[in-house]
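Visitor: My structure is in protein22.cif, and what it holds is mmCIF, C-alpha atoms:
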```cif
data_protein
#
loop_
_atom_site.label_atom_id
_atom_site.label_comp_id
_atom_site.auth_asym_id
_atom_site.auth_seq_id
_atom_site.Cartn_x
_atom_site.Cartn_y
_atom_site.Cartn_z
CA MET N 1 143.68 -11.17 1.28
CA SER N 2 145.06 -7.72 0.74
CA ALA N 3 142.75 -4.76 0.67
CA ILE N 4 142.29 -2.05 -1.90
CA HIS N 5 143.26 1.14 -0.18
CA LEU N 6 141.85 4.52 -1.20
CA ARG N 7 142.35 7.97 0.30
CA TYR N 8 140.30 11.09 -0.32
CA GLU N 9 140.62 14.63 0.94
CA VAL N 10 137.37 16.18 2.16
CA PRO N 11 137.47 19.94 1.59
CA GLY N 12 136.24 22.14 4.41
CA ASP N 13 133.27 24.49 4.14
CA ASP N 14 132.53 23.45 0.56
CA PHE N 15 129.17 21.78 0.13
CA THR N 16 129.61 21.63 -3.59
CA ARG N 17 132.37 19.07 -3.22
CA ALA N 18 130.96 17.02 -0.35
CA GLY N 19 129.96 13.68 -1.76
CA GLU N 20 132.94 13.36 -4.06
CA ALA N 21 134.60 10.73 -1.89
CA SER N 22 131.44 8.72 -1.30
CA GLY N 23 130.53 8.99 -4.97
CA ALA N 24 133.95 7.74 -6.02
CA VAL N 25 133.86 4.84 -3.58
CA LYS N 26 130.38 3.92 -4.76
CA LYS N 27 131.60 3.80 -8.34
CA ARG N 28 134.62 1.72 -7.37
CA LEU N 29 132.55 -0.81 -5.40
CA LYS N 30 130.11 -1.10 -8.27
CA ALA N 31 132.95 -1.83 -10.67
CA LEU N 32 134.23 -4.48 -8.26
CA GLY N 33 130.81 -6.15 -8.28
CA TYR N 34 129.82 -5.69 -4.64
CA ASN N 35 126.11 -6.09 -3.91
CA SER N 36 124.00 -2.98 -4.26
CA ASP N 37 122.73 -2.98 -0.68
CA ALA N 38 126.26 -2.88 0.72
CA ILE N 39 127.29 -0.21 -1.77
CA ARG N 40 124.31 1.92 -0.82
CA ARG N 41 125.05 1.59 2.89
CA VAL N 42 128.70 2.52 2.45
CA ALA N 43 127.83 5.48 0.23
CA ILE N 44 125.15 6.89 2.56
CA ALA N 45 127.25 6.50 5.71
CA MET N 46 130.25 8.10 4.02
CA TYR N 47 128.26 10.99 2.61
CA GLU N 48 126.72 11.79 5.99
CA ALA N 49 130.18 11.72 7.53
CA GLU N 50 131.58 13.93 4.77
CA ILE N 51 128.79 16.44 5.33
CA ASN N 52 129.57 16.41 9.06
CA MET N 53 133.20 17.17 8.31
CA VAL N 54 132.24 20.03 6.01
CA ILE N 55 129.77 21.53 8.50
CA HIS N 56 131.68 21.09 11.73
CA ALA N 57 135.34 20.38 11.15
CA ASP N 58 136.63 22.32 8.13
CA GLY N 59 137.20 19.10 6.24
CA GLY N 60 139.70 16.31 6.73
CA TYR N 61 140.50 13.09 4.96
CA CYS N 62 138.98 9.71 4.54
CA ASP N 63 140.68 6.33 4.21
CA VAL N 64 138.81 3.45 2.64
CA ASP N 65 139.90 -0.19 2.78
CA ILE N 66 137.97 -2.58 0.60
CA TYR N 67 138.10 -6.26 1.60
CA PRO N 68 136.20 -9.14 0.01
CA ASP N 69 133.82 -9.39 2.97
CA ARG N 70 133.72 -5.82 4.28
CA VAL N 71 134.50 -2.18 3.67
CA GLU N 72 136.28 -0.20 6.37
CA VAL N 73 136.28 3.58 6.38
CA LEU N 74 138.14 6.04 8.57
CA LEU N 75 137.03 9.67 8.44
CA ALA N 76 139.51 11.87 10.27
CA ASP N 77 139.32 15.58 10.95
CA LYS N 78 141.12 18.19 12.99
CA GLY N 79 137.90 19.91 13.99
CA PRO N 80 136.67 21.02 17.40
CA GLY N 81 135.80 17.52 18.61
CA ILE N 82 132.41 16.33 19.86
CA PRO N 83 131.74 17.44 23.47
CA ASP N 84 128.98 14.92 24.14
CA VAL N 85 129.00 11.91 21.83
CA GLU N 86 125.93 10.38 23.41
CA LYS N 87 123.95 13.53 22.73
CA ALA N 88 125.31 13.79 19.19
CA MET N 89 124.08 10.24 18.57
CA GLN N 90 120.51 11.18 19.48
CA ALA N 91 118.25 11.55 16.46
CA GLY N 92 117.19 15.18 16.14
CA PHE N 93 120.08 16.69 18.09
CA SER N 94 122.07 19.11 15.96
CA THR N 95 124.43 22.04 16.41
CA ALA N 96 124.44 22.89 12.70
CA PRO N 97 123.92 26.58 11.81
CA ASP N 98 120.86 27.88 9.95
CA ASN N 99 122.55 28.16 6.57
CA VAL N 100 123.16 24.42 6.71
CA ARG N 101 119.54 23.74 7.61
CA ASN N 102 118.44 25.73 4.60
CA LEU N 103 120.36 23.28 2.44
CA GLY N 104 118.33 20.38 3.80
CA PHE N 105 120.83 19.19 6.40
CA GLY N 106 121.22 19.81 10.11
CA ALA N 107 118.25 17.67 11.09
CA GLY N 108 120.32 15.79 13.64
CA MET N 109 120.24 12.62 11.61
CA GLY N 110 123.82 12.33 10.44
CA LEU N 111 125.34 10.13 13.13
CA PRO N 112 122.12 8.13 13.73
CA ASN N 113 121.96 7.45 9.98
CA ILE N 114 125.59 6.39 9.93
CA LYS N 115 124.96 3.98 12.79
CA LYS N 116 121.90 2.62 11.06
CA TYR N 117 123.72 1.87 7.84
CA THR N 118 126.94 0.42 9.19
CA ASP N 119 127.66 -2.81 11.03
CA GLU N 120 130.26 -1.24 13.27
CA MET N 121 130.82 2.38 14.19
CA ARG N 122 133.36 3.85 16.59
CA ILE N 123 134.07 7.48 17.44
CA GLU N 124 137.33 8.75 18.89
CA THR N 125 137.08 12.42 19.68
CA GLU N 126 139.07 14.97 21.65
CA ILE N 127 138.05 18.58 22.24
CA GLY N 128 140.24 20.95 20.26
CA VAL N 129 142.11 18.08 18.57
CA GLY N 130 139.67 16.38 16.25
CA THR N 131 137.53 13.36 15.58
CA ASN N 132 138.18 9.96 14.05
CA LEU N 133 135.14 8.06 12.91
CA TYR N 134 135.65 4.36 12.11
CA LEU N 135 133.01 2.56 10.07
CA THR N 136 132.65 -1.02 8.91
CA VAL N 137 130.08 -2.29 6.48
CA LYS N 138 129.93 -6.05 6.05
CA VAL N 139 129.29 -7.08 2.51
CA ASN N 140 127.60 -10.43 2.87
CA SER N 141 125.63 -9.86 6.06
CA MET T 1 107.03 3.35 -16.88
CA ASN T 2 110.21 5.15 -17.81
CA ILE T 3 111.09 8.77 -17.09
CA LYS T 4 110.23 9.93 -20.58
CA GLU T 5 106.70 8.51 -20.35
CA ALA T 6 106.26 9.95 -16.87
CA ALA T 7 107.35 13.40 -18.03
CA GLU T 8 104.87 13.30 -20.92
CA LYS T 9 101.92 11.92 -18.99
CA LEU T 10 102.44 14.17 -15.99
CA ASN T 11 103.24 17.21 -18.09
CA LEU T 12 106.60 17.79 -16.40
CA LYS T 13 109.09 20.33 -17.66
CA ILE T 14 112.53 18.85 -18.35
CA LEU T 15 115.29 20.94 -16.75
CA VAL T 16 118.09 18.40 -17.09
CA ASN T 17 117.90 15.63 -19.60
CA GLY T 18 119.55 12.54 -18.10
CA ASP T 19 118.84 8.90 -18.82
CA MET T 20 115.20 9.29 -19.90
CA ASP T 21 114.77 5.56 -20.52
CA ARG T 22 115.33 4.70 -16.89
CA GLU T 23 112.43 2.85 -15.30
CA ILE T 24 110.51 4.30 -12.37
CA THR T 25 109.21 1.75 -9.89
CA ASP T 26 108.33 3.83 -6.83
CA CYS T 27 107.79 7.37 -5.59
CA TYR T 28 109.28 9.20 -2.63
CA ILE T 29 108.50 12.64 -1.19
CA GLY T 30 110.84 14.57 1.10
CA ASP T 31 112.96 17.67 1.57
CA LEU T 32 115.21 16.72 4.45
CA LEU T 33 118.18 15.32 2.62
CA SER T 34 119.42 13.02 5.39
CA TRP T 35 115.96 11.56 5.67
CA VAL T 36 115.57 11.06 1.96
CA MET T 37 119.01 9.57 1.52
CA GLY T 38 118.29 6.86 4.04
CA ARG T 39 114.78 6.03 2.94
CA ALA T 40 114.05 6.76 -0.70
CA GLY T 41 113.93 3.51 -2.62
CA GLU T 42 116.09 2.82 -5.64
CA ASP T 43 114.50 3.84 -8.95
CA SER T 44 112.03 6.16 -7.21
CA ILE T 45 110.73 9.34 -8.72
CA TRP T 46 111.71 11.81 -5.96
CA LEU T 47 109.43 14.80 -5.34
CA THR T 48 111.06 17.69 -3.49
CA VAL T 49 111.50 21.45 -3.30
CA MET T 50 115.25 21.17 -2.73
CA GLY T 51 117.02 22.18 -5.93
CA ASN T 52 120.52 22.62 -4.54
CA ILE T 53 123.71 20.78 -5.33
CA ASN T 54 123.35 18.43 -2.37
CA SER T 55 120.08 17.13 -3.76
CA ILE T 56 122.02 15.88 -6.77
CA ALA T 57 124.51 14.07 -4.54
CA VAL T 58 121.65 12.51 -2.58
CA ALA T 59 119.87 11.44 -5.77
CA THR T 60 123.05 9.76 -6.98
CA LEU T 61 123.86 8.05 -3.70
CA ALA T 62 120.32 6.82 -3.10
CA ASP T 63 120.04 5.80 -6.76
CA VAL T 64 116.67 7.41 -7.33
CA ALA T 65 115.50 7.47 -10.94
CA CYS T 66 115.01 11.23 -11.18
CA ILE T 67 114.14 14.40 -9.26
CA VAL T 68 110.94 16.38 -9.69
CA LEU T 69 111.01 19.94 -8.34
CA VAL T 70 107.43 20.54 -7.27
CA GLU T 71 105.60 23.86 -6.95
CA ASN T 72 108.09 25.29 -9.43
CA ALA T 73 110.93 25.13 -6.91
CA SER T 74 114.05 26.43 -8.59
CA LEU T 75 117.20 24.59 -9.57
CA ASP T 76 120.47 26.31 -8.60
CA ASP T 77 122.99 26.83 -11.40
CA ASP T 78 125.67 24.72 -9.76
CA ALA T 79 123.10 21.99 -9.11
CA LYS T 80 122.16 22.02 -12.80
CA ALA T 81 125.80 21.66 -13.82
CA LYS T 82 126.29 18.82 -11.36
CA ALA T 83 123.14 17.03 -12.54
CA GLU T 84 124.32 17.28 -16.14
CA ALA T 85 127.72 15.90 -15.15
CA MET T 86 126.19 13.06 -13.12
CA ASP T 87 123.47 12.27 -15.68
CA VAL T 88 120.65 12.93 -13.19
CA THR T 89 117.32 13.85 -14.77
CA ILE T 90 115.62 16.90 -13.23
CA LEU T 91 111.98 17.65 -13.94
CA GLN T 92 109.74 20.45 -12.72
CA THR T 93 106.04 21.07 -12.21
CA GLU T 94 103.82 23.74 -10.72
CA GLU T 95 101.79 21.09 -8.91
CA ASN T 96 102.41 20.24 -5.27
CA SER T 97 103.77 16.90 -4.10
CA TYR T 98 100.44 15.51 -3.00
CA ARG T 99 98.61 16.19 -6.25
CA LEU T 100 101.46 14.95 -8.37
CA ALA T 101 101.89 11.84 -6.24
CA THR T 102 98.25 10.84 -6.66
CA LYS T 103 98.78 10.88 -10.43
CA ILE T 104 102.02 8.94 -10.15
CA TYR T 105 100.20 6.37 -8.03
CA GLU T 106 97.69 5.82 -10.81
CA LEU T 107 100.47 5.43 -13.39
CA LEU T 108 102.47 2.97 -11.29
CA LYS T 109 99.45 0.82 -10.40
#
```
Would you put the structure from the file into structure tokens?
Guide:
Amino acid sequence: MSAIHLRYEVPGDDFTRAGEASGAVKKRLKALGYNSDAIRRVAIAMYEAEINMVIHADGGYCDVDIYPDRVEVLLADKGPGIPDVEKAMQAGFSTAPDNVRNLGFGAGMGLPNIKKYTDEMRIETEIGVGTNLYLTVKVNS
Amino acid sequence: MNIKEAAEKLNLKILVNGDMDREITDCYIGDLLSWVMGRAGEDSIWLTVMGNINSIAVATLADVACIVLVENASLDDDAKAKAEAMDVTILQTEENSYRLATKIYELLK
């Protein structure tokens, strides 16, 4: 069955607009009648990833494919890349600057949260080139 | 208990008037947005000192019933505009989270 394909730009360095993509996808999934647990997991994982892109990568774009049984999301940026993915995955590890912490982020929970709320998560990253984050949330699991 | 009743009984100041009929079934306290987003239950009354625009996004994504800014924490102008646009109710009190939560506990019992 063919997917519904959506694309969103994630603006860089603009916290006021972070959450637009995840909010829009949430609304769309709700309208399509997906269960609320799956919608919540997609929305949280996407928002964390959007915030990461705003903080670290000067924005990027996000592709969303909605299937009957799953939602697949690609978040792609041309940021600095992640030097040590294993470290970045550790809860509490963060390289976010103080101004971000003052906003209530930068607690080193972004990637761990994303992993927690998705069924599959894959990171492709290259220093100086960028990062692709692939997420899958199964709808009926 | 809906938000309107909670605001009256707890003597909360209404900063943004959203869906006041929405039911509150739980309470959550936290200021770290990533933490709150992952853990606050749906339809919770969320007690926090974070009155910035990201709090509104978190409230929407986590589907909490409303936000209460405790200890008179301020609401940023852009956060107010966003809350109005997203229909998120924002309340405020001079009480701290603990004291307010004990009262909420009694009301939700």
Visitor: Output as a JSON list (two decimals) with C-alpha atoms, keeping the file's coordinate frame the set of chain T residues within 9 Å of chain N, with distances taken over all atoms listed in the file.
Guide:
```json
[["chain", "number", "residue", "atom", "x", "y", "z"],
["T", 31, "ASP", "CA", 112.96, 17.67, 1.57],
["T", 32, "LEU", "CA", 115.21, 16.72, 4.45],
["T", 33, "LEU", "CA", 118.18, 15.32, 2.62],
["T", 34, "SER", "CA", 119.42, 13.02, 5.39],
["T", 35, "TRP", "CA", 115.96, 11.56, 5.67],
["T", 37, "MET", "CA", 119.01, 9.57, 1.52],
["T", 38, "GLY", "CA", 118.29, 6.86, 4.04],
["T", 50, "MET", "CA", 115.25, 21.17, -2.73],
["T", 52, "ASN", "CA", 120.52, 22.62, -4.54],
["T", 53, "ILE", "CA", 123.71, 20.78, -5.33],
["T", 54, "ASN", "CA", 123.35, 18.43, -2.37],
["T", 55, "SER", "CA", 120.08, 17.13, -3.76],
["T", 57, "ALA", "CA", 124.51, 14.07, -4.54],
["T", 58, "VAL", "CA", 121.65, 12.51, -2.58],
["T", 60, "THR", "CA", 123.05, 9.76, -6.98],
["T", 61, "LEU", "CA", 123.86, 8.05, -3.70],
["T", 62, "ALA", "CA", 120.32, 6.82, -3.10],
["T", 63, "ASP", "CA", 120.04, 5.80, -6.76],
["T", 78, "ASP", "CA", 125.67, 24.72, -9.76],
["T", 79, "ALA", "CA", 123.10, 21.99, -9.11],
["T", 82, "LYS", "CA", 126.29, 18.82, -11.36]]
```
Visitor: So, with only C-alpha atoms as the atoms that count, which of N:Ala57, N:Ala88, N:Tyr34, N:Val25 lies closest to Pro11 of chain N?
Guide: N:Ala57
Visitor: Could you spell out the hits of the PyMOL selection byres ((chain T and resi 87) around 8) on the shown file, as a PyMOL selection string?
Guide: chain T and resi 17-19+83-86+88-89
Visitor: Residues around (115.2, 11.7, 17.4), cut-off 9 Å, counting all atoms listed in the file - what are they as a list in words?
Guide: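 Protein and nucleic acid residues near the point are Gln90, Ala91, Gly92, Phe93, Gly108, Met109 and Pro112 of chain N.
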Visitor: Taking the file as shown, what set of residues would the PyMOL selection byres ((chain T and resi 25) around 6) give back, as a list in words?
Guide: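 Applying the PyMOL selection byres ((chain T and resi 25) around 6) to the structure shown produces Ile24, Asp26, Asp43 and Ser44 of chain T.
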Visitor: Can you measure atom CA of Val68 of chain T to atom CA of Ala49 of chain N for me? One decimal in Å is fine.
Guide: 26.2 Å
Visitor: Just say which residues the PyMOL selection byres ((chain T and resi 67) around 7) picks in this file, as a compact mmCIF listing (two decimals) with C-alpha atoms, keeping the file's coordinate frame.
Guide:
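Final output, saved to expr_28.txt:
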```txt
# COMPACT_ATOMS: atom_id res chain seq x y z
CA ILE T 45 110.73 9.34 -8.72
CA TRP T 46 111.71 11.81 -5.96
CA LEU T 47 109.43 14.80 -5.34
CA CYS T 66 115.01 11.23 -11.18
CA VAL T 68 110.94 16.38 -9.69
CA LEU T 69 111.01 19.94 -8.34
CA THR T 89 117.32 13.85 -14.77
CA ILE T 90 115.62 16.90 -13.23
CA LEU T 91 111.98 17.65 -13.94
```
Visitor: Tell me, as a ChimeraX atom specification, which residues lie within 9 Å of Glu94 of chain T, counting all atoms listed in the file; anything in the same chain fewer than 6 positions away does not count.
Guide: /T:12,69-73
Visitor: Pick from T:Met20, T:Tyr28, T:Lys4, T:Asp77: nearest to Leu100 of chain T, with all atoms listed in the file counted?
Guide: T:Tyr28
